[in-house]
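Peer 1: My file is my_file-v3.cif. It has mmCIF, C-alpha atoms:
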data_input
loop_
_atom_site.label_atom_id
_atom_site.label_comp_id
_atom_site.auth_asym_id
_atom_site.auth_seq_id
_atom_site.Cartn_x
_atom_site.Cartn_y
_atom_site.Cartn_z
CA MET A 111 48.13 35.00 65.65
CA THR A 112 50.31 38.11 65.76
CA ILE A 113 53.86 37.89 64.49
CA THR A 114 56.48 40.55 65.05
CA ARG A 115 58.97 40.22 62.25
CA GLY A 116 62.71 40.60 62.62
CA GLN A 117 65.21 41.82 60.09
CA VAL A 118 68.90 41.82 59.38
CA ARG A 119 70.17 44.72 57.32
CA VAL A 120 73.63 45.43 55.97
CA TYR A 121 75.07 48.89 55.43
CA TYR A 122 78.47 49.72 54.05
CA LYS A 123 80.60 52.57 52.87
CA ALA A 124 83.63 52.16 50.60
CA GLU A 125 86.06 55.02 49.99
CA HIS A 126 88.81 54.85 47.42
CA ARG A 127 91.71 57.26 47.98
CA ASP A 128 94.98 57.87 46.17
CA PRO A 129 98.37 57.48 47.94
CA HIS A 130 98.20 61.15 49.02
CA GLY A 131 94.86 60.67 50.73
CA ASN A 132 92.79 62.44 48.08
CA LEU A 133 89.33 61.00 47.53
CA ILE A 134 88.88 59.25 44.18
CA SER A 135 85.38 57.90 44.72
CA ARG A 136 82.97 56.95 47.45
CA CYS A 137 80.49 54.14 46.82
CA ALA A 138 76.91 54.78 47.86
CA ASP A 139 74.96 52.27 49.89
CA ILE A 140 71.51 52.00 48.29
CA GLN A 141 68.87 50.07 50.21
CA ALA A 142 66.11 48.28 48.33
CA PRO A 143 62.62 49.56 49.23
CA ASP A 144 60.61 47.64 51.80
CA PRO A 145 57.90 45.46 50.25
CA PRO A 146 54.33 46.79 50.43
CA THR A 147 52.38 45.91 53.57
CA CYS A 148 48.91 46.34 52.07
CA LEU A 149 47.16 45.76 48.78
CA LYS A 150 45.53 49.17 48.48
CA LEU A 151 46.23 51.02 45.28
CA ASP A 152 48.13 53.82 47.00
CA CYS A 153 50.38 51.29 48.82
CA LEU A 154 51.24 49.56 45.56
CA PHE A 155 51.77 52.86 43.79
CA ARG A 156 54.10 54.06 46.59
CA TYR A 157 56.09 50.84 46.31
CA PHE A 158 56.32 51.22 42.53
CA ARG A 159 57.52 54.82 42.97
CA GLU A 160 60.16 53.77 45.52
CA CYS A 161 61.39 51.00 43.21
CA LEU A 162 61.69 53.43 40.31
CA TYR A 163 63.58 55.89 42.50
CA ALA A 164 65.95 53.15 43.74
CA ALA A 165 66.62 52.03 40.15
CA LEU A 166 67.37 55.57 38.97
CA LEU A 167 69.55 56.22 42.02
CA THR A 168 71.50 53.00 41.45
CA SER A 169 72.02 53.93 37.82
CA TYR A 170 73.25 57.39 38.78
CA HIS A 171 75.71 56.19 41.43
CA ALA A 172 77.04 53.39 39.22
CA ARG A 173 77.76 55.88 36.43
CA ARG A 174 79.10 58.45 38.89
CA VAL A 175 81.63 56.08 40.46
CA ALA A 176 82.72 54.79 37.05
CA TYR A 177 83.15 58.39 35.84
CA ALA A 178 85.14 59.36 38.96
CA GLU A 179 87.38 56.32 38.60
CA ARG A 180 88.01 57.03 34.89
CA ASN A 181 89.05 60.57 35.84
CA LYS A 182 90.98 59.80 39.01
CA ASN A 183 93.80 62.24 38.25
CA LYS A 184 91.65 64.96 36.71
CA LYS A 185 89.62 67.78 38.16
CA ILE A 186 85.93 66.94 38.11
CA LEU A 187 82.91 68.11 40.11
CA GLU A 188 83.38 67.06 43.72
CA ARG A 189 79.86 65.67 43.89
CA TYR A 190 80.84 62.91 41.49
CA ARG A 191 83.54 61.77 43.89
CA THR A 192 81.61 62.10 47.15
CA GLY A 193 78.13 61.16 45.93
CA GLU A 194 76.72 64.21 47.69
CA LEU A 195 74.39 65.93 46.84
CA SER A 196 72.57 62.72 46.06
CA PRO A 197 69.26 62.99 44.18
CA LYS A 198 66.39 63.06 46.67
CA ASN A 199 63.51 62.16 44.37
CA ILE A 200 62.72 60.70 40.96
CA TRP A 201 62.81 64.07 39.23
CA GLN A 202 66.27 64.93 40.60
CA ALA A 203 67.51 61.43 39.77
CA ILE A 204 66.41 61.83 36.14
CA HIS A 205 68.18 65.20 35.99
CA ALA A 206 71.34 63.81 37.58
CA ASN A 207 71.50 60.86 35.18
CA ILE A 208 71.07 63.08 32.12
CA LYS A 209 73.60 65.60 33.40
CA LEU A 210 76.16 62.88 34.02
CA ARG A 211 75.81 61.70 30.41
CA CYS A 212 76.14 65.23 29.03
CA PRO A 213 79.79 66.41 28.74
CA VAL A 214 78.79 70.06 28.30
CA CYS A 215 76.52 69.98 31.36
CA ARG A 216 79.30 68.39 33.42
CA LYS A 217 81.94 70.81 32.23
CA TYR A 218 79.92 73.96 32.88
CA ASN A 219 77.98 72.51 35.82
CA VAL A 220 74.61 73.36 34.35
CA ASP A 221 71.35 71.49 34.60
CA PRO A 222 70.40 69.73 31.34
CA PHE A 223 66.94 71.34 31.53
CA LEU A 224 68.44 74.69 32.61
CA PHE A 225 66.04 75.43 35.43
CA ASP A 226 66.62 73.13 38.38
CA VAL A 227 68.68 75.41 40.64
CA ASN A 228 68.49 72.88 43.45
CA TYR A 229 70.83 70.59 41.60
CA ARG A 230 73.64 73.06 40.95
CA ARG A 231 76.70 73.57 43.03
CA MET B 150 44.20 36.77 73.66
CA ALA B 151 46.12 36.23 70.44
CA GLN B 152 49.40 34.38 70.43
CA THR B 153 52.32 36.78 70.11
CA GLN B 154 56.06 36.47 69.93
CA THR B 155 58.95 38.79 69.35
CA VAL B 156 62.70 39.04 69.66
CA THR B 157 63.44 41.08 72.77
CA ASN B 158 65.75 44.08 72.87
CA GLU B 159 68.12 42.39 75.32
CA GLY B 160 67.99 39.24 73.18
CA ILE B 161 69.22 41.24 70.20
CA THR B 162 72.02 42.75 72.29
CA GLU B 163 73.07 39.29 73.45
CA LEU B 164 72.91 37.87 69.94
CA VAL B 165 75.17 40.59 68.57
CA LYS B 166 77.51 40.19 71.55
CA ARG B 167 77.78 36.51 70.70
CA MET B 168 78.54 37.30 67.06
CA THR B 169 81.18 39.90 67.84
CA ASP B 170 82.67 37.82 70.69
CA PRO B 171 85.27 40.13 72.22
CA ALA B 172 86.99 37.14 73.82
CA GLY B 173 87.64 35.74 70.35
CA THR B 174 87.04 32.13 71.33
CA SER B 175 84.59 31.04 68.66
CA ALA B 176 85.38 30.11 65.07
CA SER B 177 81.94 31.29 63.98
CA VAL B 178 82.12 34.95 64.94
CA VAL B 179 82.33 37.81 62.46
CA ARG B 180 86.02 38.45 62.02
CA SER B 181 87.47 39.03 58.56
CA LEU B 182 86.82 40.62 55.20
CA VAL B 183 88.15 40.18 51.69
CA CYS B 184 87.78 42.09 48.43
CA LEU B 185 86.01 40.46 45.49
CA ASN B 186 88.00 40.36 42.28
CA ASP B 187 86.05 40.92 39.07
CA THR B 188 86.16 43.32 36.14
CA VAL B 189 82.38 43.77 36.05
CA ALA B 190 80.02 44.88 38.83
CA CYS B 191 78.44 41.96 40.65
CA THR B 192 74.99 41.49 42.17
CA ALA B 193 74.90 40.15 45.72
CA GLY B 194 73.00 36.89 46.01
CA VAL B 195 71.60 34.91 48.92
CA ALA B 196 73.01 31.72 47.43
CA SER B 197 76.56 33.05 47.27
CA THR B 198 79.11 31.25 49.43
CA TYR B 199 82.65 31.82 50.57
CA ALA B 200 83.87 29.40 47.90
CA ASP B 201 81.55 30.73 45.21
CA PRO B 202 80.93 34.50 45.34
CA ALA B 203 78.45 36.36 43.15
CA GLY B 204 78.72 36.15 39.37
CA SER B 205 82.21 35.55 38.09
CA ALA B 206 83.87 37.17 41.11
CA VAL B 207 86.57 35.41 43.10
CA HIS B 208 88.45 36.45 46.21
CA HIS B 209 91.58 38.52 45.89
CA THR B 210 94.58 36.51 47.03
CA GLY B 211 97.24 39.20 46.89
CA THR B 212 97.93 42.86 46.06
CA GLY B 213 96.86 43.91 49.56
CA LEU B 214 93.19 43.10 48.95
CA SER B 215 93.15 39.55 50.30
CA ILE B 216 91.46 38.28 53.44
CA VAL B 217 92.34 40.02 56.70
CA ASP B 218 90.90 40.40 60.18
CA GLY B 219 88.85 43.57 60.41
CA THR B 220 88.13 45.76 63.41
CA ILE B 221 84.93 44.28 64.83
CA SER B 222 82.81 45.96 67.48
CA GLN B 223 79.28 46.10 68.86
CA GLY B 224 77.41 49.31 68.16
CA THR B 225 73.92 50.73 68.27
CA THR B 226 71.63 51.75 65.42
CA ASN B 227 68.07 51.40 66.74
CA THR B 228 68.12 49.07 69.75
CA SER B 229 71.02 49.17 72.20
CA GLY B 230 73.85 46.95 70.94
CA ASP B 231 72.03 45.81 67.79
CA THR B 232 74.88 46.44 65.35
CA ILE B 233 78.01 44.54 64.34
CA THR B 234 80.46 47.04 62.85
CA ILE B 235 83.30 45.90 60.62
CA ASP B 236 86.01 48.35 59.58
CA TYR B 237 89.22 47.96 57.65
CA VAL B 238 91.48 49.96 55.35
CA PHE B 239 92.93 47.95 52.47
CA THR B 240 96.15 49.31 50.96
CA ALA B 241 96.86 47.99 47.50
CA THR B 242 100.35 46.67 46.81
CA GLY B 243 99.77 46.31 43.08
CA THR B 244 97.01 46.72 40.53
CA GLY B 245 93.67 44.97 40.93
CA THR B 246 89.96 45.56 40.66
CA ALA B 247 87.60 45.39 43.61
CA SER B 248 83.96 44.69 42.79
CA GLY B 249 82.79 44.18 46.37
CA ILE B 250 83.60 42.53 49.68
CA HIS B 251 82.80 39.42 51.65
CA ILE B 252 82.50 39.63 55.43
CA CYS B 253 83.59 36.28 56.82
CA ASN B 254 83.89 34.19 59.97
CA ASP B 255 86.97 33.58 62.08
CA ASP B 256 87.77 30.36 60.24
CA ASN B 257 87.69 32.15 56.88
CA ASP B 258 85.43 29.54 55.34
CA VAL B 259 81.96 31.16 55.54
CA SER B 260 80.72 34.48 54.17
CA PHE B 261 78.16 36.22 56.38
CA VAL B 262 77.64 39.10 54.02
CA GLU B 263 78.27 39.85 50.38
CA CYS B 264 78.45 43.52 49.35
CA CYS B 265 78.70 44.40 45.68
CA PHE B 266 79.82 47.95 44.88
CA VAL B 267 77.73 50.03 42.48
CA ALA B 268 80.71 50.02 40.12
CA THR B 269 84.05 48.26 40.07
CA ILE B 270 87.00 50.06 41.68
CA PRO B 271 90.34 49.78 39.90
CA MET B 272 93.09 49.91 42.51
CA SER B 273 96.71 50.83 41.95
CA SER B 274 99.68 50.41 44.24
CA ALA B 275 99.54 52.43 47.50
CA GLU B 276 95.91 53.44 46.96
CA THR B 277 93.56 52.72 49.84
CA LEU B 278 90.05 51.32 50.07
CA THR B 279 88.33 52.12 53.36
CA ILE B 280 85.47 49.82 54.30
CA ASP B 281 82.94 50.75 56.99
CA ALA B 282 80.28 48.07 57.18
CA ALA B 283 77.49 47.36 59.63
CA ILE B 284 75.16 44.41 60.15
CA VAL B 285 72.03 45.52 62.01
CA ILE B 286 69.74 42.98 63.69
CA ASP B 287 66.41 44.42 64.72
CA GLN B 288 62.67 44.01 64.97
CA VAL B 289 60.71 45.51 62.09
#
So, in terms of structure tokens, how does the structure I just supplied come out?
Peer 2:
Amino acid sequence: MTITRGQVRVYYKAEHRDPHGNLISRCADIQAPDPPTCLKLDCLFRYFRECLYAALLTSYHARRVAYAERNKNKKILERYRTGELSPKNIWQAIHANIKLRCPVCRKYNVDPFLFDVNYRR
Amino acid sequence: MAQTQTVTNEGITELVKRMTDPAGTSASVVRSLVCLNDTVACTAGVASTYADPAGSAVHHTGTGLSIVDGTISQGTTNTSGDTITIDYVFTATGTGTASGIHICNDDNDVSFVECCFVATIPMSSAETLTIDAAIVIDQV
């Protein structure tokens, strides 16, 4: 018997702005990874990698929004308000999380490991 | 030949049309949204209900974040007409914290969708919270 599955997905975007229309924070919509469709080792490993990435990304955006909200009337890096550039892989997500926790890195917009030029702006 | 079954493309379009119901005659269509009130971030749950949202969250009942009719339309993501879009701009009239939203029916007694924000959003008077949500029904 062949079954074609159906799915219902929900996407959302939430933008918080001050009375003058300035962006305070934008919540990111993070989708959970699809479950593995096979039991091969590489399928399971890919799923594990996607779960780890989703967890790191969620952690980053949760901290980012909280940081932007705490500093709603202050000048901070625009990426912490917009959520863009968002980390694209596990390595970038680790960098972004560490940078967000590091006041010096945030202030001077430098990478905590000092060599990832892709995550500077 | 093996037995097969699938939801058809036009079936999806019709289903979404029924749920958005431009004529506005059904109490069960997607119609309204409300902000969740909690000081900590929630986790959306399948067992959540209109009367009992996720965690310790409750619905806002004032300060501009309470239940309202959103702008509902039928859109396309993958298959023609497979998306219910729900938009609304909340304008706070006082202070309050939004931890997420519920998307509800026309009767305002059932939650179709629970969205929990990644972090709580403290709102002050005259600040706005713009919600753009989409429910996509599709084959895998």
Peer 1: So what does the PyMOL selection byres ((chain A) within 8 of (chain B)) actually pick up in this one, as a list in words?
Peer 2: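 For this structure, the PyMOL selection byres ((chain A) within 8 of (chain B)) resolves to Met111, Thr112, Ile113, Thr114, Arg115, Gly116, Gln117, Val118, Arg119, Val120, Tyr121, Tyr122, Lys123, Ala124, Glu125, His126, Arg127, Asp128, Pro129, Cys137, Ala138, Thr168, His171, Ala172, Arg173, Val175, Ala176 and Glu179 of chain A.
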Peer 1: From the list A:Arg191, A:Cys212, A:Pro145, A:Asp139, which residue is nearest A:Cys161 when using only C-alpha atoms?
Peer 2: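 Between A:Arg191, A:Cys212, A:Pro145, A:Asp139, the residue approaching A:Cys161 most closely is A:Pro145.
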Peer 1: Could you state which residues are captured by the PyMOL selection byres ((chain B and resi 163) around 12) in this file, as number ranges by chain?
Peer 2: B: 156-162, 164-170, 223, 228-233, 286
Peer 1: If you apply the PyMOL selection byres ((chain A and resi 197) around 12) to this file, what residues do you get, as a PDB file with C-alpha atoms, in the coordinates of the input?
Peer 2:
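Result went into out38.pdb, see below:
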ATOM      1  CA  ALA A 138      76.910  54.780  47.860  1.00  0.00           C
ATOM      2  CA  ILE A 140      71.510  52.000  48.290  1.00  0.00           C
ATOM      3  CA  TYR A 163      63.580  55.890  42.500  1.00  0.00           C
ATOM      4  CA  ALA A 164      65.950  53.150  43.740  1.00  0.00           C
ATOM      5  CA  ALA A 165      66.620  52.030  40.150  1.00  0.00           C
ATOM      6  CA  LEU A 166      67.370  55.570  38.970  1.00  0.00           C
ATOM      7  CA  LEU A 167      69.550  56.220  42.020  1.00  0.00           C
ATOM      8  CA  THR A 168      71.500  53.000  41.450  1.00  0.00           C
ATOM      9  CA  SER A 169      72.020  53.930  37.820  1.00  0.00           C
ATOM     10  CA  TYR A 170      73.250  57.390  38.780  1.00  0.00           C
ATOM     11  CA  HIS A 171      75.710  56.190  41.430  1.00  0.00           C
ATOM     12  CA  ARG A 189      79.860  65.670  43.890  1.00  0.00           C
ATOM     13  CA  TYR A 190      80.840  62.910  41.490  1.00  0.00           C
ATOM     14  CA  GLY A 193      78.130  61.160  45.930  1.00  0.00           C
ATOM     15  CA  GLU A 194      76.720  64.210  47.690  1.00  0.00           C
ATOM     16  CA  LEU A 195      74.390  65.930  46.840  1.00  0.00           C
ATOM     17  CA  SER A 196      72.570  62.720  46.060  1.00  0.00           C
ATOM     18  CA  LYS A 198      66.390  63.060  46.670  1.00  0.00           C
ATOM     19  CA  ASN A 199      63.510  62.160  44.370  1.00  0.00           C
ATOM     20  CA  ILE A 200      62.720  60.700  40.960  1.00  0.00           C
ATOM     21  CA  TRP A 201      62.810  64.070  39.230  1.00  0.00           C
ATOM     22  CA  GLN A 202      66.270  64.930  40.600  1.00  0.00           C
ATOM     23  CA  ALA A 203      67.510  61.430  39.770  1.00  0.00           C
ATOM     24  CA  ILE A 204      66.410  61.830  36.140  1.00  0.00           C
ATOM     25  CA  HIS A 205      68.180  65.200  35.990  1.00  0.00           C
ATOM     26  CA  ALA A 206      71.340  63.810  37.580  1.00  0.00           C
ATOM     27  CA  ASN A 207      71.500  60.860  35.180  1.00  0.00           C
ATOM     28  CA  LYS A 209      73.600  65.600  33.400  1.00  0.00           C
ATOM     29  CA  ASP A 226      66.620  73.130  38.380  1.00  0.00           C
ATOM     30  CA  ASN A 228      68.490  72.880  43.450  1.00  0.00           C
ATOM     31  CA  TYR A 229      70.830  70.590  41.600  1.00  0.00           C
ATOM     32  CA  ARG A 230      73.640  73.060  40.950  1.00  0.00           C
TER      33      ARG A 230
END
Peer 1: What does the distance between atom CA of A:Lys217 and atom CA of A:Ile186 come to in Å, to one decimal place?
Peer 2: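 A separation of 8.1 Å between them.
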Peer 1: Between atom CA of B:Thr220 and atom CA of B:Asp258, what is the spacing in Å?
Peer 2: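 Atom CA of B:Asp258 sits 18.3 Å away from atom CA of B:Thr220.
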Peer 1: Which residues are near B:Ala200? Cut-off 12 Å, all atoms listed in the file, ignore same chain within fewer than 2 positions. Put them as a PyMOL selection string.
Peer 2: chain B and resi 185+196-198+202-203+205-208+251+253+257-260
Peer 1: In Å, how far is it from atom CA of A:Ser135 to atom CA of A:Ala178?
Peer 2: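 Pair atom CA of A:Ser135 / atom CA of A:Ala178 returns 5.9 Å.
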Peer 1: Would you list the contacts of B:Asp256 as a ChimeraX atom specification, taking every protein, DNA or RNA residue within 12 Å and counting all atoms listed in the file, but skipping same-chain residues closer than 6 positions in sequence?
Peer 2: /B:173-182,199,216-218
